Amino acid sequence: MTPTALFAAAPLPLLQNGLMVGAILFSLGLVGILTRRNLIVMFLSAELMLQGISVSLVAWSRYHGDFGGQVLVVFVLSVAACEAAVALVFVLQAFTRTGRLDSAAWQSLREASLARSVDHEIPAIDAPLPIFPRLTPAGVSPEPDADAALQREHV
Amino acid sequence: MSLFAQAEPATSGWLSTGLLLAIAVTSLAGSLWLLLPKAGRDGRWPRRLGTLLGVAALGLFIVTGQRLGNLGEDAVFLIVSLVAVISAAATITCRSPVYAAIWFALCLAGVSGVLLVLGAQFLGVATIVVYAGAILVMFLFVLMLAQPSGLAASDRVTNEPLLSAVAGAVLLGLLSLSIGRLSAEDPACCRPPSKAAALAGEPTSPAPAGETVDLLAADQVARLGGELFGRHLVAVEAVGVLLLVALIGAIAVVSHGLEGDQAERSSLQEGGRP
């Protein structure tokens with residue numbers, strides 16, 4: 001069997017294009033996770049990196065005519081689901097403690113030698129926020145719940 | 001490397017078919033835009049024009065539908081990968097986290113299109129179901145729980161944007177350099193494992209010995225399942241355990257965290273807060 005027959009599963013350009021898309025997604029996710037401060041958006045960026053890896057793996061799988069890459073992507077999917085479940089719990093816990101989704105709210109955990117990051121200038125909102133529709137109140141107003149009020153206090 | 005430039009016309013009629021399809025898509029979009037209710041201009045002529053355009057688009061679709069089989073997967077790949085890349089960029093640049101999540105959903109649609117073109121049918125569907133259906137909705141739940149209104153100040157500033165952008169661009173440059181250096185005649189990295197796998201003819205593998213799997217066969221999903229539950233059965237079991245552990249861990253963290261928070265709060269209250 002000649003190597004060309006072995007590699008005939010897919011042409012090289014398709015592999016290169018797939019790898020390129022994967023690389024772009026991975027780089028964008030990397031930039032996102034480095035720059036963004038919202039915990040959830042950081043998380044989305046991590047998922048973006050996983051997507052890039054998945055695309056690369058599937059491109060290799062197609063190129064070699066082998067199921068190995070696709071099987072690996074199945075495992076990537078399952079681990080991503082686990083990761084999302086556990087990490088979202090931690091994000092929610094962090095939110096109930098600080099009342100913010102800002103990762104800088106936890107900067108007291110930084111290395112002792114690093115300086116504290118301070119926002120010198122926060123750009124103004126360039127466009128007014130859209131007014132979202134509100135439901136008209138209906139029914140009997142609920143009894144005030146002291147426990148719920150305690151929970152709300154932090155937010 | 002000339003990115004996407006390798007897309008050659010599959011047949012001689014490719015260009016005219018592609019052009020026809022582009023005209024059909026454009027006129028369909030135009031007709032829908034004209035027909036949709038808009039603020040300001042709502043006359044009779046735009047609607048008539050929109051109806052006309054819609055009929056024309058339908059005819060064009062029917063005409064091109066005969067020849068769409070010739071349209072190479074390169075064009076489809078180009079479109080879905082552009083969708084994926086553009087919406088990924090929008091995901092990380094969008095100010096509002098909710099919009100970022102929605103853009104991420106669009107990116108997932110593009111990625112699953114790329115996976116479909118690359119011959120991974122099951123994974124294309126699973127990406128939509130698992131990511132867009134479950135994970136993304138969970139993100140949106142948390143976002144809406146956490147940020148009922150307004151745009152937080154932390155969403156309008158970023159950490160070291162210049163350095164990070166340079167780092168990402170340099171990484172992409174390096175990756176594309178190494179991707180461009182790939183060539184079919186260089187089997188140093190590729191041949192031995194592939195040949196070994198092909199020649200070994202694993203007994204549980206559905207692939208016939210000595211041949212590569214035809215990933216575009218009709219029973220591709222069944223074969224993937226056979227591969228998963230044949231050669232990789234132990235790994236599948238391990239992932240099942242991992243999912244269970246993640247579930248239990250999430251529940252445990254939530255319940256303990258709530259108890260800890262309440263204990264903290266009550267101790268704070270007893271400590272004489274105003």
# chains A, B, ... in the order shown; residues from 1 in each chain; ligands from 1
$ closest_atom_pairs --of "chain B" --to "chain A" --cutoff "6 Å" --atoms "only C-alpha atoms" --output "tab-separated table"
residue	atom	partner	partner_atom	distance
B:Ile92	CA	A:Gly32	CA	5.0
B:Ser154	CA	A:Asp102	CA	5.9
B:Thr158	CA	A:Thr35	CA	5.0
B:Asn159	CA	A:Thr35	CA	4.6
B:Pro161	CA	A:Thr35	CA	5.7
B:Ser164	CA	A:Val31	CA	5.5
B:Ala165	CA	A:Val31	CA	5.9
B:Gly168	CA	A:Ser27	CA	5.1
B:Leu172	CA	A:Ser27	CA	5.9
B:Thr212	CA	A:Gly65	CA	5.1
B:Val213	CA	A:Gly65	CA	5.0
B:Leu243	CA	A:Cys82	CA	5.7
B:Ala246	CA	A:Cys82	CA	5.4
B:Ala250	CA	A:Val86	CA	5.2
$ residues_around --residues "segment 47-64 of chain B" --least-positions-apart "2" --cutoff "8 Å" --atoms "only C-alpha atoms" --output "list in words"
Thr17, Leu20, Leu21, Ile23, Ala24, Val25, Ser27, Leu28, Gly30, Ser31, Leu32, Trp33, Leu34, Leu35, Gly43, Arg44, Trp45, Gln66, Arg67 and Leu68 of chain B
$ atom_distance --atom1 "atom CA of Ser81 of chain B" --atom2 "atom CA of Gly113 of chain B"
7.7 Å
$ select_by_dssp --residues "segment 42-149 of chain B" --states "alpha helix (DSSP H)" --output "PyMOL selection string"
chain B and resi 44-67+73-93+97-117+121-126+136-146
$ atom_distance --atom1 "atom CA of Asp155 of chain B" --atom2 "atom CA of Arg95 of chain B"
5.8 Å
